[in-house]
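Just final.cif here, mmCIF, C-alpha atoms:
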data_start
loop_
_atom_site.label_atom_id
_atom_site.label_comp_id
_atom_site.auth_asym_id
_atom_site.auth_seq_id
_atom_site.Cartn_x
_atom_site.Cartn_y
_atom_site.Cartn_z
CA MET A 11 166.65 65.29 119.21
CA ILE A 12 167.07 63.03 122.24
CA PHE A 13 167.36 59.28 121.84
CA ALA A 14 166.04 56.82 124.41
CA ASP A 15 168.07 53.68 123.81
CA ILE A 16 167.45 50.24 125.19
CA CYS A 17 170.15 47.74 124.39
CA ILE A 18 169.15 44.51 122.68
CA GLY A 19 170.82 41.59 124.45
CA GLN A 20 170.79 37.85 123.98
CA GLU A 21 168.57 37.31 126.99
CA ALA A 22 165.35 35.41 126.63
CA GLY A 23 162.61 37.63 125.26
CA ASP A 24 164.97 40.11 123.59
CA VAL A 25 165.42 38.14 120.36
CA THR A 26 163.17 35.40 119.11
CA HIS A 27 165.44 32.48 118.15
CA GLY A 28 164.75 30.09 115.33
CA ALA A 29 166.03 29.05 112.02
CA ALA A 30 166.96 32.56 110.92
CA GLU A 31 167.93 32.90 107.32
CA LEU A 32 168.65 36.68 107.47
CA ALA A 33 170.53 38.84 109.89
CA ALA A 34 168.31 40.69 112.38
CA PRO A 35 168.14 44.51 112.62
CA GLN A 36 170.70 46.06 114.93
CA LYS A 37 170.66 48.99 117.40
CA VAL A 38 166.92 49.33 117.68
CA THR A 39 166.24 52.65 119.37
CA MET A 40 163.30 54.95 120.11
CA VAL A 41 163.57 58.59 118.98
CA THR A 42 161.15 60.72 121.01
CA LEU A 43 160.23 64.33 121.61
CA ASN A 44 157.25 65.07 123.85
CA THR A 45 154.60 62.78 122.31
CA ASN A 46 156.27 62.26 118.93
CA TYR A 47 157.73 58.72 118.75
CA MET A 48 159.75 56.94 116.08
CA LEU A 49 161.33 53.46 116.14
CA SER A 50 164.69 53.35 114.35
CA TRP A 51 167.28 50.60 113.66
CA ASP A 52 170.36 49.74 111.66
CA TRP A 53 170.83 46.93 109.14
CA ASP A 54 173.75 45.82 106.95
CA PRO A 55 172.69 45.91 103.27
CA SER A 56 175.33 43.29 102.28
CA ALA A 57 173.56 40.69 104.44
CA ALA A 58 170.80 40.25 101.84
CA GLY A 59 172.98 40.26 98.78
CA SER A 60 171.30 41.57 95.69
CA HIS A 61 167.80 41.04 96.99
CA GLY A 62 165.72 43.92 98.30
CA VAL A 63 165.03 43.97 102.06
CA THR A 64 161.84 45.08 103.78
CA PHE A 65 161.00 45.51 107.45
CA THR A 66 157.93 44.83 109.54
CA THR A 67 157.10 46.45 112.89
CA GLN A 68 154.47 45.33 115.42
CA TYR A 69 153.59 46.24 119.01
CA VAL A 70 151.56 45.00 121.99
CA GLY A 71 150.90 46.06 125.55
CA LYS A 72 153.40 44.56 127.94
CA PHE A 73 150.73 43.13 130.20
CA LYS A 74 149.40 41.07 127.25
CA LEU A 75 152.65 39.15 126.99
CA LYS A 76 151.52 37.13 129.98
CA TYR A 77 148.93 35.51 127.77
CA LYS A 78 149.76 32.30 125.89
CA SER A 79 149.12 33.76 122.46
CA PRO A 80 149.17 37.61 122.62
CA LYS A 81 147.80 39.51 119.66
CA TRP A 82 150.32 41.84 118.05
CA SER A 83 149.18 44.97 116.25
CA MET A 84 150.72 45.92 112.92
CA VAL A 85 152.39 49.32 112.66
CA CYS A 86 154.68 49.21 109.59
CA GLU A 87 154.57 46.25 107.16
CA ASN A 88 157.17 45.45 104.50
CA THR A 89 158.59 48.98 104.40
CA PRO A 90 162.08 49.57 102.96
CA GLN A 91 162.85 52.35 105.49
CA THR A 92 164.87 51.59 108.58
CA SER A 93 162.43 53.49 110.79
CA CYS A 94 158.76 53.41 111.71
CA ASP A 95 156.68 56.40 112.96
CA LEU A 96 154.64 55.56 116.03
CA THR A 97 153.12 59.02 116.66
CA ASP A 98 149.73 58.21 115.17
CA LEU A 99 149.26 55.35 117.66
CA ASN A 100 148.44 57.91 120.40
CA LEU A 101 150.06 55.79 123.06
CA HIS A 102 149.04 56.40 126.62
CA TYR A 103 151.73 58.46 128.32
CA LEU A 104 151.84 56.22 131.38
CA GLY A 105 151.54 52.90 129.50
CA ILE A 106 154.26 50.30 128.85
CA TYR A 107 154.52 48.84 125.37
CA VAL A 108 156.68 46.24 123.57
CA PHE A 109 157.69 46.73 119.92
CA ARG A 110 159.29 44.14 117.63
CA VAL A 111 160.87 44.48 114.19
CA ARG A 112 162.31 41.96 111.64
CA ALA A 113 163.83 41.96 108.17
CA SER A 114 162.52 40.08 105.12
CA ALA A 115 164.15 39.36 101.74
CA ASP A 116 163.19 36.95 98.94
CA GLY A 117 160.81 35.03 101.21
CA ARG A 118 163.29 34.81 104.02
CA HIS A 119 162.81 36.38 107.46
CA SER A 120 165.13 37.39 110.24
CA ASP A 121 164.49 36.95 113.95
CA TRP A 122 162.25 39.46 115.80
CA VAL A 123 164.03 42.13 117.79
CA LEU A 124 162.01 43.41 120.80
CA LYS A 125 161.96 46.93 122.26
CA GLU A 126 160.18 47.96 125.46
CA PHE A 127 158.99 51.55 125.70
CA CYS A 128 157.26 53.65 128.40
CA PRO A 129 156.58 57.27 127.32
CA ASP A 130 156.49 58.65 130.87
CA LYS A 131 159.89 57.20 131.58
CA ASP A 132 161.63 57.10 128.21
CA ALA A 133 160.15 59.94 126.15
CA ALA A 134 162.20 63.11 126.09
CA VAL A 135 160.68 66.49 126.86
CA GLY A 136 161.18 69.35 124.47
CA PRO A 137 162.13 72.99 125.14
CA PRO A 138 159.49 75.73 125.40
CA SER A 139 157.67 76.17 122.15
CA LYS A 140 158.14 79.95 122.26
CA VAL A 141 160.07 82.51 124.30
CA GLU A 142 159.47 86.27 124.02
CA LEU A 143 161.23 89.17 125.75
CA SER A 144 159.74 92.55 126.63
CA VAL A 145 161.40 95.44 128.38
CA ALA A 146 160.06 97.75 131.08
CA GLU A 147 161.71 100.47 133.16
CA GLY A 148 164.56 98.60 134.82
CA PHE A 149 162.94 95.19 134.23
CA LEU A 150 163.01 92.42 131.66
CA GLU A 151 159.92 90.25 131.22
CA ILE A 152 160.15 86.72 129.80
CA SER A 153 157.04 85.15 128.29
CA ILE A 154 157.32 81.34 128.01
CA SER A 155 155.04 79.06 126.03
CA ASP A 156 154.76 75.44 127.19
CA PRO A 157 156.09 72.56 125.08
CA LEU A 158 153.36 71.12 122.87
CA THR A 159 152.22 67.57 122.18
CA ASN A 160 151.45 66.20 118.72
CA THR A 161 147.87 67.47 119.19
CA ASN A 162 149.10 71.00 120.12
CA THR A 163 148.24 70.71 123.80
CA SER A 164 150.51 71.62 126.68
CA MET A 165 152.98 69.03 127.93
CA LYS A 166 152.04 70.07 131.46
CA ASP A 167 148.98 67.87 130.96
CA LYS A 168 151.40 64.92 130.77
CA LEU A 169 154.12 66.13 133.14
CA ARG A 170 152.60 67.80 136.19
CA GLU A 171 155.97 68.77 137.65
CA LEU A 172 157.27 70.51 134.58
CA TYR A 173 159.17 73.75 135.25
CA TYR A 174 161.62 76.05 133.47
CA HIS A 175 165.28 76.66 134.03
CA ILE A 176 166.23 80.21 132.91
CA VAL A 177 169.79 81.31 132.23
CA TYR A 178 170.52 85.01 131.60
CA TRP A 179 173.68 87.05 131.38
CA GLU A 180 174.92 90.50 130.50
CA GLY A 181 176.54 90.92 127.11
CA SER A 182 176.26 89.43 123.64
CA PRO A 183 174.82 85.99 122.75
CA GLY A 184 178.24 84.38 122.34
CA ILE A 185 179.58 85.53 125.74
CA GLN A 186 178.10 83.93 128.86
CA ALA A 187 180.37 85.43 131.49
CA SER A 188 178.81 85.69 134.96
CA ALA A 189 175.60 83.96 133.88
CA GLN A 190 172.75 83.81 136.38
CA THR A 191 170.02 81.17 136.67
CA LEU A 192 166.43 81.15 137.75
CA ASP A 193 163.87 78.31 138.04
CA SER A 194 160.16 78.99 137.71
CA LYS A 195 156.93 77.13 137.02
CA LYS A 196 155.29 80.32 135.77
CA THR A 197 155.10 81.18 132.11
CA LEU A 198 155.65 84.91 132.78
CA VAL A 199 158.90 85.69 134.60
CA THR A 200 160.26 89.14 135.47
CA LEU A 201 164.00 89.71 135.84
CA SER A 202 164.62 92.60 138.22
CA ASN A 203 167.72 94.38 139.57
CA LEU A 204 169.15 94.79 136.09
CA LYS A 205 171.38 97.59 134.89
CA SER A 206 169.84 100.38 132.88
CA TRP A 207 170.58 100.64 129.17
CA THR A 208 172.35 97.26 129.17
CA TRP A 209 172.02 94.26 126.85
CA TYR A 210 170.91 90.97 128.42
CA CYS A 211 170.58 87.54 126.79
CA VAL A 212 168.22 84.75 127.90
CA MET A 213 167.94 80.98 127.31
CA VAL A 214 165.23 78.68 128.71
CA GLN A 215 165.18 74.93 129.35
CA SER A 216 162.31 72.58 130.27
CA ARG A 217 162.83 70.22 133.20
CA SER A 218 161.07 67.43 135.08
CA ASP A 219 162.80 65.96 138.12
CA PHE A 220 160.76 62.76 138.55
CA TYR A 221 162.64 60.91 135.81
CA ASN A 222 165.36 63.57 135.60
CA LYS A 223 164.21 64.85 132.24
CA THR A 224 165.83 67.92 130.77
CA SER A 225 165.32 69.48 127.39
CA SER A 226 167.71 71.41 125.25
CA PHE A 227 167.99 75.18 125.67
CA THR A 228 166.20 77.59 123.44
CA SER A 229 168.17 79.87 121.17
CA PRO A 230 169.60 82.91 123.01
CA GLN A 231 167.45 86.03 122.78
CA CYS A 232 168.86 89.43 123.71
CA MET A 233 167.30 92.81 124.52
CA GLN A 234 168.48 96.10 125.94
CA THR A 235 166.99 97.42 129.16
CA THR A 236 165.82 101.00 129.63
CA GLY A 237 166.36 103.62 132.30
CA ASN A 238 164.43 106.50 133.80
CA MET A 239 161.89 107.66 131.27
CA TRP A 240 160.71 110.89 132.97
CA TRP A 241 161.86 113.06 130.07
CA GLN A 242 159.99 110.89 127.60
CA ILE A 243 156.87 111.10 129.75
CA PHE A 244 157.24 114.89 129.80
CA LEU A 245 157.62 115.00 126.03
CA TYR A 246 154.60 112.75 125.57
CA PHE A 247 152.57 114.99 127.89
CA MET A 248 153.58 118.18 126.08
CA GLY A 249 152.90 116.61 122.71
CA SER A 250 149.47 115.44 123.84
CA LEU A 251 148.72 118.88 125.28
CA LEU A 252 149.76 120.60 122.04
CA LEU A 253 147.70 118.16 120.02
CA CYS A 254 144.62 118.79 122.16
CA PHE A 255 145.11 122.57 121.98
CA THR A 256 145.41 122.44 118.19
CA PHE A 257 142.30 120.30 117.93
CA VAL A 258 140.28 122.67 120.14
CA LEU A 259 141.54 125.71 118.22
CA LEU A 260 140.60 124.19 114.88
CA ALA A 261 137.20 123.26 116.25
CA LEU A 262 136.61 126.84 117.46
CA LEU A 263 137.70 128.30 114.12
CA CYS A 264 135.40 125.98 112.23
CA PHE A 265 132.52 126.80 114.56
CA PHE A 266 133.14 130.54 114.24
CA GLY A 267 133.26 130.33 110.45
CA LEU A 268 130.05 128.31 110.40
CA TYR A 269 128.41 130.80 112.75
CA LYS A 270 129.34 133.74 110.50
CA THR A 271 128.07 131.93 107.41
CA VAL A 272 124.74 131.05 109.02
CA LYS A 273 124.33 134.55 110.44
CA LYS A 274 125.12 136.16 107.08
CA ASN A 275 122.75 133.94 105.09
CA PHE A 276 119.84 133.48 107.49
CA PHE A 277 120.10 136.55 109.75
CA PRO A 278 121.25 139.50 107.59
CA GLN A 279 121.97 142.80 109.35
CA MET A 280 120.24 146.11 108.53
CA PRO A 281 122.49 148.71 106.85
CA GLN A 282 123.74 151.49 109.09
CA GLN A 283 121.87 154.25 107.24
CA PHE A 284 118.57 152.46 107.87
CA LYS A 285 119.22 151.91 111.56
CA GLU A 286 118.96 155.66 112.22
CA TYR A 287 115.34 155.69 111.04
CA PHE A 288 114.00 152.23 111.81
CA CYS A 289 115.76 151.27 115.06
CA ASP A 290 115.53 152.57 118.57
CA SER A 291 119.25 153.31 118.58
CA PRO A 292 122.11 153.00 116.04
CA SER A 293 123.66 150.18 118.07
CA SER A 294 120.46 148.11 118.07
CA ASP A 295 119.86 145.41 115.46
CA ILE A 296 116.12 145.12 116.15
CA PRO A 297 114.02 147.32 113.83
CA ARG A 298 111.13 149.28 115.27
CA LEU A 299 108.28 148.33 112.98
CA LEU A 300 104.53 148.46 113.44
CA ASN A 301 102.73 145.22 113.81
CA THR A 302 99.28 145.35 112.25
CA ASP A 303 98.13 142.48 114.42
CA SER A 304 98.82 144.38 117.64
CA GLU A 305 96.16 146.99 118.49
CA SER A 306 98.19 148.38 121.39
CA GLU A 307 100.79 149.81 119.02
CA LEU A 308 98.31 151.36 116.55
CA LEU A 309 97.39 154.88 117.83
CA CYS A 310 94.91 156.96 115.79
CA ASP A 311 93.43 160.45 116.27
CA LYS A 312 91.26 162.87 114.29
CA VAL A 313 93.20 165.55 112.42
CA ILE A 314 91.61 168.83 111.17
CA ILE A 315 93.48 170.64 108.41
CA CYS A 316 93.02 174.46 108.47
CA PRO A 317 94.18 176.91 105.79
CA ALA A 318 97.05 179.21 106.66
CA PRO A 319 95.89 182.70 107.78
CA VAL A 320 96.28 185.49 105.18
CA LEU A 321 96.46 189.18 106.11
CA GLU A 322 95.51 191.71 103.46
CA ILE A 323 96.53 195.35 103.90
CA HIS A 324 94.92 197.91 101.61
CA ASN A 325 95.93 201.53 100.92
CA PRO A 326 92.95 203.82 101.78
CA PRO A 327 91.81 206.71 99.47
CA PRO A 328 93.30 210.19 100.07
CA GLU A 329 89.96 211.56 101.36
CA VAL A 330 89.89 209.06 104.17
CA LEU A 331 93.50 209.82 105.08
CA GLN A 332 92.83 213.59 105.16
CA ALA A 333 89.76 213.14 107.35
CA SER A 334 91.78 210.96 109.67
CA MET A 335 94.57 213.46 109.89
CA SER A 336 92.20 216.45 110.57
CA SER A 337 90.69 214.62 113.49
CA LEU A 338 94.03 214.38 115.21
CA GLU A 339 94.93 217.39 117.42
CA PRO A 340 98.44 218.08 118.52
CA ASP A 341 99.03 218.17 122.23
CA SER A 342 101.31 220.45 124.05
CA SER A 343 104.30 218.24 123.28
CA GLY A 344 103.65 218.36 119.54
CA ARG A 345 102.58 214.71 119.40
CA HIS A 346 99.47 213.08 118.07
CA SER A 347 97.52 211.27 120.72
CA ARG A 348 94.92 208.56 120.75
CA GLN A 349 92.27 208.37 123.28
CA ASP A 350 91.22 204.88 122.41
CA SER A 351 93.80 202.42 121.10
CA SER A 352 91.56 199.49 121.27
CA CYS A 353 90.26 198.01 118.11
CA SER A 354 87.39 195.90 117.02
CA GLY A 355 88.24 192.26 116.65
CA ASP A 356 85.59 191.83 114.00
CA SER A 357 85.62 194.74 111.50
CA GLY A 358 89.32 195.42 111.09
CA VAL A 359 88.65 199.30 110.93
CA TYR A 360 89.92 201.34 113.86
CA SER A 361 89.03 204.82 115.09
CA ALA A 362 91.82 207.36 115.61
CA GLY A 363 90.61 209.73 118.37
CA GLY A 364 87.63 209.44 120.64
CA SER A 365 86.26 213.02 120.05
CA SER A 366 86.32 213.00 116.28
CA GLY A 367 83.16 213.52 114.27
CA LEU A 368 83.51 210.12 112.58
CA GLN A 369 81.18 207.50 113.77
CA GLN A 370 82.14 203.86 113.93
CA PRO A 371 80.18 202.00 111.27
CA SER A 372 78.95 198.46 111.70
CA THR A 373 81.23 195.56 110.98
CA ALA A 374 79.67 194.43 107.77
CA GLN A 375 78.94 197.85 106.30
CA SER A 376 82.28 199.43 107.07
CA SER A 377 84.31 196.59 105.72
CA THR A 378 82.21 196.39 102.61
CA GLY A 379 82.15 200.12 101.93
CA ILE A 380 85.82 200.65 102.49
CA GLU A 381 86.72 197.68 100.35
CA ALA A 382 84.54 199.03 97.53
CA SER A 383 85.88 202.52 97.80
CA TRP A 384 89.50 201.27 97.90
CA ARG A 385 89.30 198.93 95.03
CA ASP A 386 87.65 201.29 92.52
CA PRO A 387 90.19 204.05 92.19
CA PHE A 388 93.39 202.21 93.41
CA ASP A 389 95.30 199.02 92.77
CA MET A 390 95.61 196.96 95.87
CA ASP A 391 98.86 195.44 97.12
CA HIS A 392 98.11 192.08 98.53
CA VAL A 393 100.42 191.04 101.22
CA LYS A 394 100.10 187.40 102.09
CA MET A 395 101.71 186.27 105.24
CA LYS A 396 102.39 182.56 105.51
CA ASP A 397 103.90 180.50 108.23
CA MET A 398 103.02 183.16 110.81
CA ALA A 399 104.07 182.39 114.34
CA PRO A 400 101.11 181.17 116.46
CA GLY A 401 102.03 183.58 119.27
CA LEU A 402 101.80 186.67 117.06
CA LYS A 403 98.76 188.77 118.14
CA SER A 404 99.41 192.20 116.66
CA GLN A 405 101.77 194.08 114.40
CA LEU A 406 102.40 197.80 114.22
CA LEU A 407 102.40 199.31 110.74
CA MET A 408 103.66 202.82 109.93
CA ALA A 409 101.99 204.86 107.11
CA ASP A 410 103.46 208.35 106.67
CA GLU A 411 103.09 209.98 110.04
CA SER A 412 99.86 208.21 111.05
CA ILE A 413 99.80 205.19 113.38
CA VAL A 414 97.51 202.33 112.56
CA ASP A 415 96.99 199.34 114.93
CA VAL A 416 96.26 196.13 113.24
CA CYS A 417 94.94 193.12 115.22
CA VAL A 418 94.89 189.64 113.84
#

In structure tokens, how does this file's structure come out?
Amino acid sequence: MIFADICIGQEAGDVTHGAAELAAPQKVTMVTLNTNYMLSWDWDPSAAGSHGVTFTTQYVGKFKLKYKSPKWSMVCENTPQTSCDLTDLNLHYLGIYVFRVRASADGRHSDWVLKEFCPDKDAAVGPPSKVELSVAEGFLEISISDPLTNTNTSMKDKLRELYYHIVYWEGSPGIQASAQTLDSKKTLVTLSNLKSWTWYCVMVQSRSDFYNKTSSFTSPQCMQTTGNMWWQIFLYFMGSLLLCFTFVLLALLCFFGLYKTVKKNFFPQMPQQFKEYFCDSPSSDIPRLLNTDSESELLCDKVIICPAPVLEIHNPPPEVLQASMSSLEPDSSGRHSRQDSSCSGDSGVYSAGGSSGLQQPSTAQSSTGIEASWRDPFDMDHVKMKDMAPGLKSQLLMADESIVDVCV
């Protein structure tokens, strides 16, 4: 705390003379800080004896003292304290005021003691309300908060020329060897050209040169500077890259798992054994099914079902075989010959020799007569031929030494 003292002399106007019955207060002073004001004084308790002493404080604007009967305003009345708080008066910072104080005990009063006070001239300025340090690469930043009034406003509103005196040094707070100074009106100051990885301490003081006002210094604050941070930047970059890669990988895995689940539940695949019959190819997943709504895929045609051809071969009676054999004449080579190997496509009975005395019966009669003559005395062997090749036109059958041509 800074005291602004004005000595109380015996000059006219300093002490009001009269028939004083008590001793007047001594060493009346004004204790100030920014816009906080307090009037303080000393008084000897033995001067009043056993009686209790009270004090009264009043004030008036100095310009009003020119009037014949100025009106004094009451500040503290009959208070036992030896001080009086004047902060709530909200005095104008450029005004000039006169305060007076007296002692009272058992109906007796001391003389008034006067005190003149001008805040702009006499009030002390306080240090910055807050100082913060922050470190950058090779730099030290100082953030300064202005001193505050009793209403929490900046003192720069009262003192236009307020600036800050900064003292910084290398080392610990208790050692100020080779300290350096810097003055600045700014509230954000950067200290450059500092050593890397070194501790620096800082103190700040408020100043105003018009009335040569200086505040006390703030408490020392220390911080270590940093150096080249390229390796940290590289580590941060690699860490961020790894983090992003992990995030993308997890996202892809989650998406792939979701895709498989949806495909399995909503789009099931056809078993492999069914693909061979219902798909165009084994590698295709699209079945080849008929769509009843599409007429272009529905192809129809008339189908005629015919019974399989059956060939019946019967053994003829001995008489017929003998007649057939007698009609055959051996040629010079000892072979039987046929003059006509063609057959009838309708009757199924063939002639063996063109000059024989057998005549070719009609188709209906020959087939009927032979069938009746065969079936009566002999059992027939029915030979059924199924799944005959379509290209088969004739087959040669051998019976003893005779040759029979059969046409189908």

Size and centre in Å, one decimal, axis-aligned box, all listed stretch 101-111 of chain A atoms plus 8 Å per side, as lines of an AutoDock Vina configuration file:
center_x = 155.0
center_y = 51.3
center_z = 122.8
size_x = 27.8
size_y = 30.3
size_z = 33.2

What does the distance between atom CA of A:Ile176 and atom CA of A:Leu192 come to in Å, to one decimal place?
->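 If I compute the distance from atom CA of A:Ile176 to atom CA of A:Leu192, I get 4.9 Å.
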
Go ahead and compute the interatomic distance for atom CA of A:Met213 and atom CA of A:Thr97, in Å to one decimal.
-> 28.6 Å

A:Tyr69 surroundings by only C-alpha atoms, 7 Å radius, close-in-sequence under 6 positions cut, as a PyMOL selection string = chain A and resi 82-84+107-110

Selection result of the PyMOL selection byres ((chain A and resi 218) around 8) on this file, as JSON, numbers by chain | {"A": [169, 171, 172, 173, 216, 217, 219, 220, 221, 222, 223, 224]}

Selection as a list in words: residues within 7 Å of (158.1, 49.1, 112.0), counting only C-alpha atoms | Leu49, Phe65, Thr66, Thr67, Gln68, Val85, Cys86, Glu87, Ser93, Cys94 and Val111 of chain A

Neighbour list for A:Phe227 as a PyMOL selection string, cut-off 12 Å, all atoms listed in the file, skip fewer than 5 positions in-chain = chain A and resi 11+135-141+174-178+212-217

Would you translate the PyMOL selection byres ((chain A and resi 51-60) around 9) into the concrete set of residues it matches in this file, as a list in words?
-> Leu32, Ala33, Ala34, Pro35, Gln36, Lys37, Val38, Thr39, Met40, Leu49, Ser50, His61, Gly62, Val63, Thr92, Ser93, Val111, Ala113, Ser114, Ala115 and Asp116 of chain A

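We find atom CA of A:Lys81 and atom CA of A:Asp130 to be spaced 23.8 Å apart.
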
Could you state which residues are captured by the PyMOL selection byres ((chain A and resi 180) around 12) in this file, as a ChimeraX atom specification?
-> /A:177-179,181-190,204-212,230-235

Out of A:Gly71, A:Pro328, A:Gly237, A:Pro157, which residue has the shortest atom-to-atom distance to A:Ala134 when counting only C-alpha atoms?
->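 Using only C-alpha atoms, the shortest distance to A:Ala134 belongs to A:Pro157.
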